[in-house]
$ cat target_35.cif   # mmCIF, C-alpha atoms
data_structure
loop_
_atom_site.label_atom_id
_atom_site.label_comp_id
_atom_site.auth_asym_id
_atom_site.auth_seq_id
_atom_site.Cartn_x
_atom_site.Cartn_y
_atom_site.Cartn_z
CA MET A 1 -10.84 4.54 6.02
CA PRO A 2 -8.84 7.71 6.73
CA VAL A 3 -6.13 9.47 4.83
CA VAL A 4 -3.42 10.16 7.41
CA ALA A 5 -0.40 12.43 7.08
CA ALA A 6 2.61 11.76 9.31
CA LEU A 7 5.14 14.58 9.37
CA GLY A 8 8.20 15.54 11.32
CA ALA A 9 7.19 18.38 13.63
CA GLN A 10 10.59 19.82 14.51
CA TRP A 11 13.73 20.22 12.33
CA GLY A 12 13.71 16.65 11.08
CA ASP A 13 15.33 13.52 12.54
CA GLU A 14 12.39 13.06 14.93
CA GLY A 15 12.20 9.32 14.32
CA LYS A 16 9.57 9.47 11.56
CA GLY A 17 10.94 6.25 10.10
CA ARG A 18 9.82 4.33 13.19
CA ILE A 19 6.36 5.83 13.13
CA VAL A 20 5.88 5.55 9.37
CA ASP A 21 7.12 1.94 9.39
CA LEU A 22 4.61 1.11 12.12
CA LEU A 23 1.68 2.84 10.40
CA ALA A 24 2.66 1.47 6.99
CA GLN A 25 1.87 -2.04 8.22
CA GLN A 26 -1.77 -0.95 8.57
CA ALA A 27 -2.04 1.15 5.39
CA ARG A 28 -2.72 -0.04 1.86
CA MET A 29 -1.07 2.91 0.14
CA ILE A 30 1.96 4.85 1.34
CA ILE A 31 2.97 8.01 -0.53
CA ARG A 32 6.30 9.79 -0.26
CA SER A 33 5.16 13.23 -1.40
CA ALA A 34 8.15 15.59 -1.38
CA GLY A 35 11.87 16.00 -0.72
CA GLY A 36 14.87 14.19 -2.14
CA PRO A 37 17.84 12.06 -1.08
CA ASN A 38 18.82 14.73 1.44
CA ALA A 39 16.15 13.28 3.72
CA GLY A 40 16.52 9.91 5.40
CA HIS A 41 14.42 7.44 7.36
CA THR A 42 15.98 4.68 9.43
CA VAL A 43 13.69 1.65 9.63
CA ILE A 44 14.50 -1.24 11.98
CA ASN A 45 12.49 -4.43 11.58
CA GLN A 46 12.94 -8.20 11.70
CA LEU A 47 14.86 -8.08 8.43
CA GLY A 48 17.49 -5.64 9.62
CA THR A 49 18.26 -1.93 9.67
CA PHE A 50 17.45 0.03 6.52
CA ARG A 51 18.34 3.64 5.75
CA LEU A 52 15.90 4.90 3.16
CA HIS A 53 16.13 8.21 1.34
CA LEU A 54 13.63 7.90 -1.50
CA VAL A 55 11.76 4.60 -1.20
CA PRO A 56 8.63 4.88 0.99
CA ALA A 57 8.79 2.96 4.27
CA GLY A 58 5.73 0.95 3.24
CA ILE A 59 7.97 -1.05 0.90
CA PHE A 60 8.29 -3.60 3.73
CA ASN A 61 4.54 -4.28 3.61
CA SER A 62 4.16 -6.76 0.76
CA GLU A 63 0.43 -6.01 0.49
CA ALA A 64 0.87 -2.24 0.20
CA THR A 65 1.20 0.08 -2.77
CA ASN A 66 4.04 2.59 -2.47
CA VAL A 67 4.14 5.84 -4.42
CA ILE A 68 6.89 8.40 -4.98
CA GLY A 69 4.91 11.56 -5.62
CA SER A 70 5.24 14.44 -8.03
CA ASN A 71 7.00 16.84 -5.64
CA VAL A 72 9.88 14.46 -4.95
CA VAL A 73 13.21 15.12 -6.69
CA VAL A 74 14.72 11.76 -7.57
CA ASP A 75 18.36 10.83 -7.92
CA PRO A 76 17.97 7.66 -10.01
CA ALA A 77 21.29 6.22 -8.88
CA VAL A 78 20.28 6.55 -5.21
CA LEU A 79 16.86 5.04 -5.89
CA ILE A 80 18.28 2.07 -7.77
CA SER A 81 20.82 1.50 -4.99
CA GLU A 82 18.03 1.42 -2.40
CA LEU A 83 15.98 -1.03 -4.45
CA GLU A 84 19.03 -3.28 -4.78
CA MET A 85 19.68 -3.06 -1.02
CA ILE A 86 16.10 -4.08 -0.27
CA ALA A 87 16.24 -6.98 -2.72
CA ALA A 88 19.56 -8.19 -1.28
CA ALA A 89 17.95 -8.34 2.16
CA GLY A 90 15.41 -10.84 0.88
CA VAL A 91 12.48 -8.46 1.20
CA THR A 92 9.32 -9.21 -0.75
CA PRO A 93 8.46 -5.60 -1.45
CA GLY A 94 5.11 -3.99 -1.95
CA LYS A 95 4.27 -2.46 -5.31
CA LEU A 96 6.18 0.70 -6.17
CA TYR A 97 5.14 3.50 -8.52
CA ILE A 98 7.11 6.64 -9.35
CA SER A 99 5.29 9.70 -10.61
CA ASP A 100 6.26 10.58 -14.16
CA ARG A 101 5.95 14.21 -13.00
CA ALA A 102 8.67 13.89 -10.34
CA HIS A 103 11.81 15.84 -11.24
CA VAL A 104 15.24 14.31 -11.70
CA ILE A 105 18.44 15.32 -9.93
CA MET A 106 21.10 15.62 -12.61
CA PRO A 107 24.92 15.62 -12.20
CA TYR A 108 25.12 19.39 -12.73
CA HIS A 109 22.66 19.91 -9.85
CA ILE A 110 25.05 18.17 -7.47
CA GLN A 111 28.03 20.14 -8.76
CA LEU A 112 26.19 23.45 -8.50
CA ASP A 113 24.86 22.63 -5.03
CA GLN A 114 28.35 22.09 -3.68
CA LEU A 115 29.82 25.13 -5.42
CA GLU A 116 27.01 27.41 -4.23
CA GLU A 117 27.43 26.23 -0.65
CA GLN A 118 31.18 26.79 -0.75
CA ALA A 119 30.72 30.28 -2.20
CA LYS A 120 28.55 31.31 0.77
CA GLY A 121 31.50 30.96 3.15
CA GLU A 122 30.44 31.60 6.74
CA ALA A 123 26.85 32.17 5.56
CA ARG A 124 26.56 28.60 4.29
CA LEU A 125 23.33 26.81 5.19
CA GLY A 126 24.72 23.35 5.82
CA THR A 127 23.07 21.59 2.88
CA THR A 128 23.87 17.96 2.13
CA GLY A 129 25.25 18.80 -1.31
CA ARG A 130 23.01 16.21 -2.96
CA GLY A 131 21.68 18.55 -5.65
CA VAL A 132 18.24 18.95 -4.14
CA GLY A 133 18.05 22.76 -4.07
CA PRO A 134 19.24 23.28 -7.67
CA ALA A 135 16.83 20.57 -8.88
CA TYR A 136 13.91 22.39 -7.28
CA ALA A 137 15.21 25.68 -8.69
CA ASP A 138 15.08 24.21 -12.19
CA LYS A 139 11.56 22.98 -11.49
CA VAL A 140 10.44 26.49 -10.52
CA ASN A 141 12.35 27.90 -13.50
CA ARG A 142 10.49 25.39 -15.71
CA ILE A 143 13.61 23.87 -17.21
CA GLY A 144 13.75 20.70 -15.10
CA ILE A 145 13.88 17.15 -16.43
CA ARG A 146 11.16 14.82 -15.15
CA MET A 147 11.13 11.08 -14.58
CA GLY A 148 8.77 10.62 -17.51
CA ASP A 149 11.34 12.29 -19.79
CA LEU A 150 13.77 9.43 -19.13
CA LEU A 151 11.43 7.15 -21.09
CA HIS A 152 11.48 9.28 -24.25
CA GLU A 153 14.79 9.55 -26.10
CA GLU A 154 14.04 12.64 -28.18
CA THR A 155 12.48 14.58 -25.31
CA LEU A 156 15.38 13.79 -22.98
CA LEU A 157 18.01 14.75 -25.59
CA SER A 158 16.27 18.03 -26.43
CA ARG A 159 15.80 19.14 -22.82
CA LEU A 160 19.23 17.98 -21.69
CA THR A 161 20.97 19.77 -24.57
CA TYR A 162 19.27 23.06 -23.72
CA VAL A 163 19.73 22.87 -19.94
CA LEU A 164 23.29 21.60 -20.03
CA GLU A 165 24.35 24.51 -22.26
CA GLN A 166 22.94 26.94 -19.68
CA LYS A 167 24.58 25.18 -16.74
CA GLN A 168 27.94 25.07 -18.44
CA ARG A 169 27.86 28.86 -18.92
CA ILE A 170 27.08 29.29 -15.21
CA LEU A 171 29.88 26.96 -14.16
CA THR A 172 32.40 28.67 -16.41
CA LYS A 173 31.50 32.35 -15.98
CA LEU A 174 30.29 32.41 -12.39
CA TYR A 175 32.47 29.81 -10.71
CA GLY A 176 35.40 29.58 -13.13
CA VAL A 177 35.01 25.81 -13.27
CA THR A 178 35.55 23.74 -16.38
CA PRO A 179 32.30 21.80 -16.93
CA SER A 180 32.80 18.09 -16.31
CA VAL A 181 29.35 16.92 -17.39
CA SER A 182 29.34 15.42 -20.89
CA LEU A 183 26.13 15.67 -22.90
CA HIS A 184 26.69 12.32 -24.61
CA GLU A 185 27.64 10.42 -21.45
CA THR A 186 24.88 11.98 -19.35
CA TYR A 187 22.28 11.30 -22.03
CA LEU A 188 23.22 7.62 -22.27
CA GLN A 189 23.49 7.25 -18.50
CA TYR A 190 20.03 8.67 -17.82
CA LEU A 191 18.46 6.73 -20.68
CA GLY A 192 19.86 3.69 -18.89
CA TYR A 193 18.26 4.80 -15.64
CA GLY A 194 14.97 5.18 -17.50
CA ARG A 195 15.20 1.60 -18.81
CA ARG A 196 16.05 0.30 -15.33
CA LEU A 197 13.12 2.14 -13.73
CA ARG A 198 10.63 1.89 -16.62
CA GLU A 199 8.39 -0.61 -14.81
CA TYR A 200 7.89 1.88 -11.94
CA ILE A 201 7.47 5.22 -13.76
CA THR A 202 3.83 6.02 -14.47
CA PRO A 203 1.09 8.65 -14.04
CA ILE A 204 0.12 8.27 -10.39
CA HIS A 205 -3.16 10.22 -10.52
CA PRO A 206 -5.32 7.23 -11.58
CA ILE A 207 -3.68 4.99 -8.99
CA VAL A 208 -4.25 7.47 -6.15
CA GLN A 209 -7.82 8.19 -7.24
CA ARG A 210 -8.71 4.50 -7.31
CA ALA A 211 -7.41 4.13 -3.76
CA LEU A 212 -9.50 7.12 -2.64
CA GLU A 213 -12.62 5.70 -4.33
CA GLN A 214 -12.06 2.38 -2.58
CA ASP A 215 -11.55 4.09 0.82
CA ALA A 216 -8.21 2.34 1.17
CA PRO A 217 -6.25 3.42 4.29
CA MET A 218 -3.59 5.81 2.97
CA LEU A 219 -0.52 7.19 4.66
CA LEU A 220 1.31 10.31 3.49
CA GLU A 221 4.93 10.03 4.55
CA GLY A 222 6.50 13.35 5.48
CA ASN A 223 10.01 14.38 4.59
CA GLN A 224 12.43 16.14 6.94
CA GLY A 225 10.65 18.44 9.45
CA ALA A 226 7.98 21.13 9.46
CA LEU A 227 10.45 23.76 10.69
CA LEU A 228 12.42 23.21 7.48
CA ASP A 229 9.43 24.12 5.33
CA LEU A 230 10.32 26.62 2.61
CA ASP A 231 7.48 28.97 3.59
CA TYR A 232 6.84 28.31 7.28
CA GLY A 233 10.20 27.10 8.53
CA THR A 234 13.14 29.04 9.95
CA PHE A 235 14.04 30.63 6.60
CA PRO A 236 16.64 30.73 5.10
CA TYR A 237 17.84 27.71 7.09
CA VAL A 238 15.27 25.46 5.47
CA THR A 239 14.95 22.89 2.72
CA SER A 240 13.87 23.63 -0.84
CA THR A 241 10.27 22.44 -0.75
CA ALA A 242 7.13 22.11 1.36
CA THR A 243 7.44 19.81 4.36
CA SER A 244 3.99 20.75 5.69
CA ALA A 245 0.74 18.76 5.64
CA PRO A 246 -0.65 20.83 2.72
CA GLY A 247 2.59 20.16 0.84
CA LEU A 248 2.18 16.42 1.35
CA LEU A 249 -1.31 16.58 -0.12
CA GLN A 250 -0.08 18.51 -3.14
CA GLY A 251 2.72 16.05 -3.86
CA ALA A 252 0.29 13.15 -3.56
CA GLY A 253 -2.43 14.73 -5.69
CA ILE A 254 -5.01 14.39 -2.90
CA PRO A 255 -7.56 17.17 -2.24
CA PRO A 256 -7.56 18.77 1.23
CA ASN A 257 -11.07 17.58 2.08
CA ARG A 258 -9.89 13.95 2.02
CA LEU A 259 -7.35 14.39 4.81
CA ASN A 260 -8.64 12.88 8.05
CA SER A 261 -5.76 13.19 10.49
CA VAL A 262 -2.32 14.75 10.85
CA ILE A 263 0.20 13.03 13.10
CA GLY A 264 3.04 15.22 14.29
CA VAL A 265 6.19 13.30 15.19
CA PHE A 266 7.99 15.08 18.03
CA LYS A 267 11.19 14.01 19.71
CA ALA A 268 10.99 14.19 23.52
CA TYR A 269 13.74 16.83 23.24
CA THR A 270 14.87 18.90 20.25
CA THR A 271 17.63 18.47 17.65
CA ARG A 272 18.68 20.05 14.39
CA VAL A 273 21.44 19.54 11.83
CA GLY A 274 23.29 22.33 10.12
CA ALA A 275 23.17 26.07 10.69
CA GLY A 276 20.27 28.17 11.91
CA PRO A 277 18.61 29.43 15.10
CA PHE A 278 18.03 26.95 17.93
CA PRO A 279 16.78 28.70 21.11
CA THR A 280 16.95 25.67 23.46
CA GLU A 281 20.28 24.28 22.23
CA GLN A 282 22.58 22.90 24.94
CA GLU A 283 26.22 23.12 23.85
CA GLY A 284 27.94 21.69 26.94
CA SER A 285 27.89 18.32 28.65
CA LEU A 286 24.10 18.11 28.60
CA GLY A 287 24.02 18.45 24.81
CA ASP A 288 26.75 15.83 24.52
CA GLU A 289 24.82 13.46 26.79
CA LEU A 290 21.65 13.80 24.72
CA ARG A 291 23.63 13.26 21.51
CA GLU A 292 25.33 10.10 22.72
CA ARG A 293 22.30 8.59 24.45
CA GLY A 294 20.08 9.39 21.50
CA LYS A 295 22.69 8.41 18.86
CA GLU A 296 22.10 11.79 17.27
CA TYR A 297 24.05 11.53 14.05
CA GLY A 298 22.56 12.20 10.63
CA THR A 299 21.14 9.31 8.58
CA THR A 300 22.23 10.91 5.32
CA THR A 301 25.53 12.61 6.24
CA GLY A 302 26.56 11.20 9.62
CA ARG A 303 26.89 14.76 10.94
CA PRO A 304 26.47 15.18 14.72
CA ARG A 305 23.14 16.80 15.55
CA ARG A 306 22.76 19.82 17.79
CA CYS A 307 20.68 18.93 20.86
CA GLY A 308 18.56 20.79 23.39
CA TRP A 309 15.40 20.83 25.49
CA PHE A 310 11.87 20.41 24.10
CA ASP A 311 10.64 23.72 22.68
CA ALA A 312 6.88 23.99 23.13
CA VAL A 313 6.74 27.39 21.39
CA LEU A 314 8.01 25.86 18.16
CA ALA A 315 5.87 22.76 18.68
CA ARG A 316 2.65 24.74 19.15
CA TYR A 317 3.41 26.84 16.07
CA VAL A 318 3.93 23.74 13.93
CA THR A 319 0.74 22.19 15.31
CA GLU A 320 -1.31 25.25 14.43
CA VAL A 321 0.13 25.66 10.91
CA ASN A 322 -0.32 21.99 10.02
CA GLY A 323 -3.48 21.07 11.87
CA ILE A 324 -1.76 18.39 13.91
CA ASP A 325 -4.32 16.51 16.00
CA THR A 326 -2.20 13.59 17.22
CA ILE A 327 1.27 13.49 18.77
CA ALA A 328 3.75 10.69 18.25
CA LEU A 329 6.45 11.26 20.86
CA THR A 330 9.76 9.52 20.20
CA LYS A 331 12.90 8.77 22.20
CA LEU A 332 11.35 9.29 25.61
CA ASP A 333 13.82 6.69 26.91
CA VAL A 334 16.74 9.02 26.12
CA LEU A 335 15.62 11.14 29.08
CA ASP A 336 15.51 8.18 31.51
CA SER A 337 18.64 9.22 33.39
CA MET A 338 17.86 12.95 33.66
CA LYS A 339 17.27 14.21 37.21
CA ARG A 340 15.64 17.44 36.05
CA ILE A 341 14.03 18.07 32.67
CA ARG A 342 13.16 21.42 31.13
CA ILE A 343 10.49 22.50 28.66
CA CYS A 344 10.63 25.86 26.90
CA VAL A 345 7.21 27.49 27.34
CA GLY A 346 7.96 30.96 25.98
CA TYR A 347 10.64 33.37 24.80
CA LYS A 348 11.96 36.54 26.35
CA LEU A 349 13.19 39.24 24.00
CA HIS A 350 14.69 42.07 26.04
CA ASP A 351 11.75 43.04 28.29
CA THR A 352 9.08 41.43 26.14
CA GLU A 353 7.71 37.90 26.42
CA LEU A 354 6.87 36.11 23.16
CA ASP A 355 4.64 33.08 22.75
CA TYR A 356 5.11 32.74 18.99
CA LEU A 357 7.88 31.98 16.50
CA PRO A 358 9.64 35.09 15.14
CA SER A 359 10.20 34.92 11.39
CA THR A 360 13.57 36.71 11.43
CA PRO A 361 16.64 34.56 12.28
CA SER A 362 18.40 37.41 14.10
CA VAL A 363 15.40 37.84 16.40
CA LEU A 364 15.08 34.10 17.03
CA ASN A 365 18.80 33.98 17.79
CA ALA A 366 18.37 36.77 20.34
CA VAL A 367 15.50 35.29 22.36
CA GLU A 368 16.04 33.77 25.77
CA PRO A 369 14.01 30.63 26.49
CA ILE A 370 11.58 30.68 29.41
CA TYR A 371 11.73 27.25 31.00
CA GLU A 372 9.51 25.10 33.15
CA GLU A 373 11.44 22.51 35.10
CA LEU A 374 10.06 19.06 35.90
CA ARG A 375 11.41 16.16 37.90
CA GLY A 376 13.00 13.32 35.98
CA TRP A 377 12.09 9.67 36.61
CA ASN A 378 15.60 8.15 36.86
CA GLN A 379 14.62 4.67 35.72
CA SER A 380 14.42 2.74 32.48
CA THR A 381 11.24 2.97 30.42
CA SER A 382 12.36 0.68 27.57
CA HIS A 383 10.30 -2.26 28.84
CA VAL A 384 7.02 -0.34 29.32
CA ARG A 385 4.13 -1.06 26.94
CA ARG A 386 1.24 0.81 28.63
CA PHE A 387 1.06 4.51 29.41
CA GLU A 388 -0.17 3.90 32.95
CA ASP A 389 2.94 1.77 33.63
CA LEU A 390 5.30 4.67 32.92
CA PRO A 391 6.84 6.33 35.99
CA GLU A 392 4.57 9.06 37.33
CA GLU A 393 7.13 11.75 36.46
CA ALA A 394 7.28 10.51 32.85
CA GLN A 395 3.49 10.59 32.60
CA THR A 396 3.51 14.16 33.91
CA TYR A 397 6.16 15.20 31.39
CA VAL A 398 4.28 13.72 28.44
CA ALA A 399 0.95 15.17 29.58
CA ARG A 400 2.50 18.62 29.91
CA ILE A 401 3.88 18.44 26.37
CA CYS A 402 0.43 17.53 25.01
CA GLU A 403 -1.13 20.40 26.97
CA LEU A 404 1.38 22.93 25.68
CA VAL A 405 1.30 21.68 22.10
CA GLY A 406 -2.49 21.40 21.93
CA ALA A 407 -2.92 17.89 20.51
CA ARG A 408 -3.86 14.46 21.83
CA LEU A 409 -1.31 11.75 22.56
CA GLY A 410 -1.21 8.98 19.97
CA MET A 411 1.90 6.94 20.69
CA ILE A 412 5.23 6.98 22.51
CA SER A 413 8.41 5.21 21.44
CA ILE A 414 10.72 4.03 24.20
CA GLY A 415 13.39 2.35 22.08
CA PRO A 416 14.37 1.62 18.48
CA GLU A 417 12.68 -1.77 18.04
CA ARG A 418 9.24 -2.18 16.49
CA ASP A 419 7.69 -3.48 19.70
CA GLN A 420 9.13 -0.65 21.85
CA MET A 421 6.03 1.44 21.33
CA ILE A 422 3.21 2.52 23.64
CA MET A 423 0.01 2.86 21.60
CA ILE A 424 -2.63 5.19 23.04
CA THR A 425 -4.80 6.22 20.08
CA LYS A 426 -5.87 4.04 17.16
CA VAL A 427 -4.89 5.71 13.89
CA PHE A 428 -6.32 3.40 11.22
#

$ encode --input "target_35.cif" --output "structure tokens"
Amino acid sequence: MPVVAALGAQWGDEGKGRIVDLLAQQARMIIRSAGGPNAGHTVINQLGTFRLHLVPAGIFNSEATNVIGSNVVVDPAVLISELEMIAAAGVTPGKLYISDRAHVIMPYHIQLDQLEEQAKGEARLGTTGRGVGPAYADKVNRIGIRMGDLLHEETLLSRLTYVLEQKQRILTKLYGVTPSVSLHETYLQYLGYGRRLREYITPIHPIVQRALEQDAPMLLEGNQGALLDLDYGTFPYVTSTATSAPGLLQGAGIPPNRLNSVIGVFKAYTTRVGAGPFPTEQEGSLGDELRERGKEYGTTTGRPRRCGWFDAVLARYVTEVNGIDTIALTKLDVLDSMKRIRICVGYKLHDTELDYLPSTPSVLNAVEPIYEELRGWNQSTSHVRRFEDLPEEAQTYVARICELVGARLGMISIGPERDQMIMITKVF
């Protein structure tokens, strides 16, 4: 059976939760490979609506094994809260394992994240302030605390004493802030988290390898969106880790030759949260209409999302970088009332036409989108369950997206419920 990666193929918020929840019912192992509580999936099923930030969406499949991989940064308080929420809903969860190599978000990470963002003034990036960036910085700087450290009193005390002394100097000398993080209280608090999560924290390599040897269907659950990737996104308006297909493999500990398929989740239009270039953004009534019809408000922060037309230049770039072979198109129904629909097929920079993504924000901010305009279908699609039953104009729109992006059509969502899905290509 295949190893399948499902990743957001725009700036996040593409509706990955819907797709991952659907695919997780068919998989036997679901791995959340990277990211932190700044990312969120909204899953709607027969048990209710669940907003997950760390727990893999496969938790609702009682027969599945769920893994939080080594490249995730974990806020233990958030994770415990999610587990309690799931238990309170009467869910019989699948097995959950947390990599002992995953790094921990500490209180000083959150404090530093917020102070650093404030200090940037008008150049701020629009982070969630959840401590994700500073936690990854400590990982790269090799001074981070890992989930496995929470199970060892002496190791935790030694590392925390050293790191906290450094952070307190930064807070005092750089930001003029009196440190509010107590060594004693933090040590006891995180030892408590370790005791609460002890049954889940383990080396994940043997577990993943056994699943590979048994050819179990495995799903790698992407975080955020490919255009927020630290290397290949719209830097510096990106997240702090890899959101690409190769990054998912690394966080899962799976070699590249075992990956069988990459599903790119695209919204039928484009959105992003926070600052950064957005060539097809619509700031007037059209953007407002998309936002309200699509309920475009952040899962994690509640911030209103910026909205605009589908950008095929960005989509093709993401497809090429990640090897996307299958498209999951979400929220097609949001466009039901549009009389005319546009797709960006290229950029114009002064007198030059570009068919690729510029790496410099100032250049991307300066481009003018080249649009193709298609007729809308002006009727509801929420009841449709077969592609051939979609209005002809909707079929044309979807087919044109696939042609421009360069990948086959796998599925289309036409509403938030589990059954509001048109399946075209079998994944598992």

$ residues_around --input "target_35.cif" --residues "A:Glu417" --least-positions-apart "5" --cutoff "10 Å" --atoms "all atoms listed in the file" --output "PyMOL selection string"
chain A and resi 18+43-46+382

$ closest_atom_pairs --input "target_35.cif" --of "stretch 282-376 of chain A" --to "stretch 219-229 of chain A" --cutoff "10 Å" --atoms "all atoms listed in the file" --output "JSON lines"
{"residue": "A:Leu314", "atom": "CA", "partner": "A:Leu227", "partner_atom": "CA", "distance": 8.1}
{"residue": "A:Ala315", "atom": "CA", "partner": "A:Leu227", "partner_atom": "CA", "distance": 9.3}
{"residue": "A:Tyr317", "atom": "CA", "partner": "A:Leu227", "partner_atom": "CA", "distance": 9.4}
{"residue": "A:Val318", "atom": "CA", "partner": "A:Ala226", "partner_atom": "CA", "distance": 6.6}
{"residue": "A:Thr319", "atom": "CA", "partner": "A:Ala226", "partner_atom": "CA", "distance": 9.4}
{"residue": "A:Val321", "atom": "CA", "partner": "A:Ala226", "partner_atom": "CA", "distance": 9.2}
{"residue": "A:Asn322", "atom": "CA", "partner": "A:Ala226", "partner_atom": "CA", "distance": 8.4}

$ closest_residue --input "target_35.cif" --among "A:Asp288, A:Ala24, A:Tyr136, A:Gln379" --to "A:Met218" --atoms "only C-alpha atoms"
A:Ala24

$ residues_around --input "target_35.cif" --residues "A:Val140" --least-positions-apart "6" --cutoff "12 Å" --atoms "all atoms listed in the file" --output "PyMOL selection string"
chain A and resi 71+103+133-134+240-241

$ closest_atom_pairs --input "target_35.cif" --of "stretch 292-337 of chain A" --to "stretch 255-266 of chain A" --cutoff "10 Å" --atoms "all atoms listed in the file" --output "Markdown table"
| residue | atom | partner | partner_atom | distance |
| --- | --- | --- | --- | --- |
| A:Phe310 | CA | A:Phe266 | CA | 9.0 |
| A:Ala315 | CA | A:Phe266 | CA | 8.0 |
| A:Val318 | CA | A:Gly264 | CA | 8.6 |
| A:Thr319 | CA | A:Gly264 | CA | 7.4 |
| A:Asn322 | CA | A:Val262 | CA | 7.6 |
| A:Gly323 | CA | A:Val262 | CA | 6.5 |
| A:Ile324 | CA | A:Val262 | CA | 4.8 |
| A:Asp325 | CA | A:Val262 | CA | 5.8 |
| A:Thr326 | CA | A:Ile263 | CA | 4.8 |
| A:Ile327 | CA | A:Gly264 | CA | 5.1 |
| A:Ala328 | CA | A:Val265 | CA | 4.7 |
| A:Leu329 | CA | A:Phe266 | CA | 5.0 |
| A:Thr330 | CA | A:Phe266 | CA | 6.2 |
| A:Lys331 | CA | A:Phe266 | CA | 9.0 |

$ closest_residue --input "target_35.cif" --among "A:Ala88, A:Ile254, A:Leu112, A:Val74" --to "A:Ile145" --atoms "only C-alpha atoms"
A:Val74

$ residues_near_point --input "target_35.cif" --point "(4.3, 3.9, 12.1)" --cutoff "10 Å" --atoms "all atoms listed in the file" --output "PyMOL selection string"
chain A and resi 6+15-27+43+57-58+219+221+328+411+418+421+427

$ residues_near_point --input "target_35.cif" --point "(13.4, 36.6, 9.6)" --cutoff "12 Å" --atoms "all atoms listed in the file" --output "NGL selection string"
:A and (231-237 or 276-277 or 357-366)

$ closest_residue --input "target_35.cif" --among "A:Lys348, A:Gly129, A:Leu160, A:His184" --to "A:Thr239" --atoms "only C-alpha atoms"
A:Gly129

$ resolve_selection --input "target_35.cif" --expression "the PyMOL selection byres ((chain A and resi 165-172) around 10)" --output "count of residues only"
20

$ resolve_selection --input "target_35.cif" --expression "the PyMOL selection byres ((chain A and resi 343) around 9)" --output "MDAnalysis selection string"
chainID A and resid 269 280 309:312 341:342 344:345 370:374 397 400:401

$ closest_residue --input "target_35.cif" --among "A:Val367, A:Leu404, A:Leu286, A:Ile207" --to "A:Met338" --atoms "all atoms listed in the file"
A:Leu286

$ resolve_selection --input "target_35.cif" --expression "the PyMOL selection byres ((chain A and resi 187) around 9)" --output "PyMOL selection string"
chain A and resi 153+156-157+160-161+182-186+188-192

$ residues_around --input "target_35.cif" --residues "A:Arg130" --least-positions-apart "3" --cutoff "8 Å" --atoms "all atoms listed in the file" --output "list in words"
Pro37, Asn38, His109, Ile110, Asp113, Gln114 and Thr127 of chain A

$ write_last_selection --input "target_35.cif" --atoms "C-alpha atoms" --output "mmCIF file, in the frame of the given file"
data_model
loop_
_atom_site.group_PDB
_atom_site.id
_atom_site.type_symbol
_atom_site.label_atom_id
_atom_site.label_comp_id
_atom_site.auth_asym_id
_atom_site.auth_seq_id
_atom_site.Cartn_x
_atom_site.Cartn_y
_atom_site.Cartn_z
ATOM 1 C CA PRO A 37 17.840 12.060 -1.080
ATOM 2 C CA ASN A 38 18.820 14.730 1.440
ATOM 3 C CA HIS A 109 22.660 19.910 -9.850
ATOM 4 C CA ILE A 110 25.050 18.170 -7.470
ATOM 5 C CA ASP A 113 24.860 22.630 -5.030
ATOM 6 C CA GLN A 114 28.350 22.090 -3.680
ATOM 7 C CA THR A 127 23.070 21.590 2.880
#

$ atom_distance --input "target_35.cif" --atom1 "atom CA of A:Gly90" --atom2 "atom CA of A:Val55"
16.0 Å

$ atom_distance --input "target_35.cif" --atom1 "atom CA of A:Asp75" --atom2 "atom CA of A:Ile98"
12.1 Å

$ residues_around --input "target_35.cif" --residues "A:Gly94" --least-positions-apart "2" --cutoff "8 Å" --atoms "all atoms listed in the file" --output "PyMOL selection string"
chain A and resi 58-66+92+96

$ axis_aligned_box --input "target_35.cif" --around "stretch 169-188 of chain A" --padding-each-side "4 Å" --output "lines of an AutoDock Vina configuration file"
center_x = 28.9
center_y = 20.0
center_z = -17.7
size_x = 21.3
size_y = 32.8
size_z = 21.9
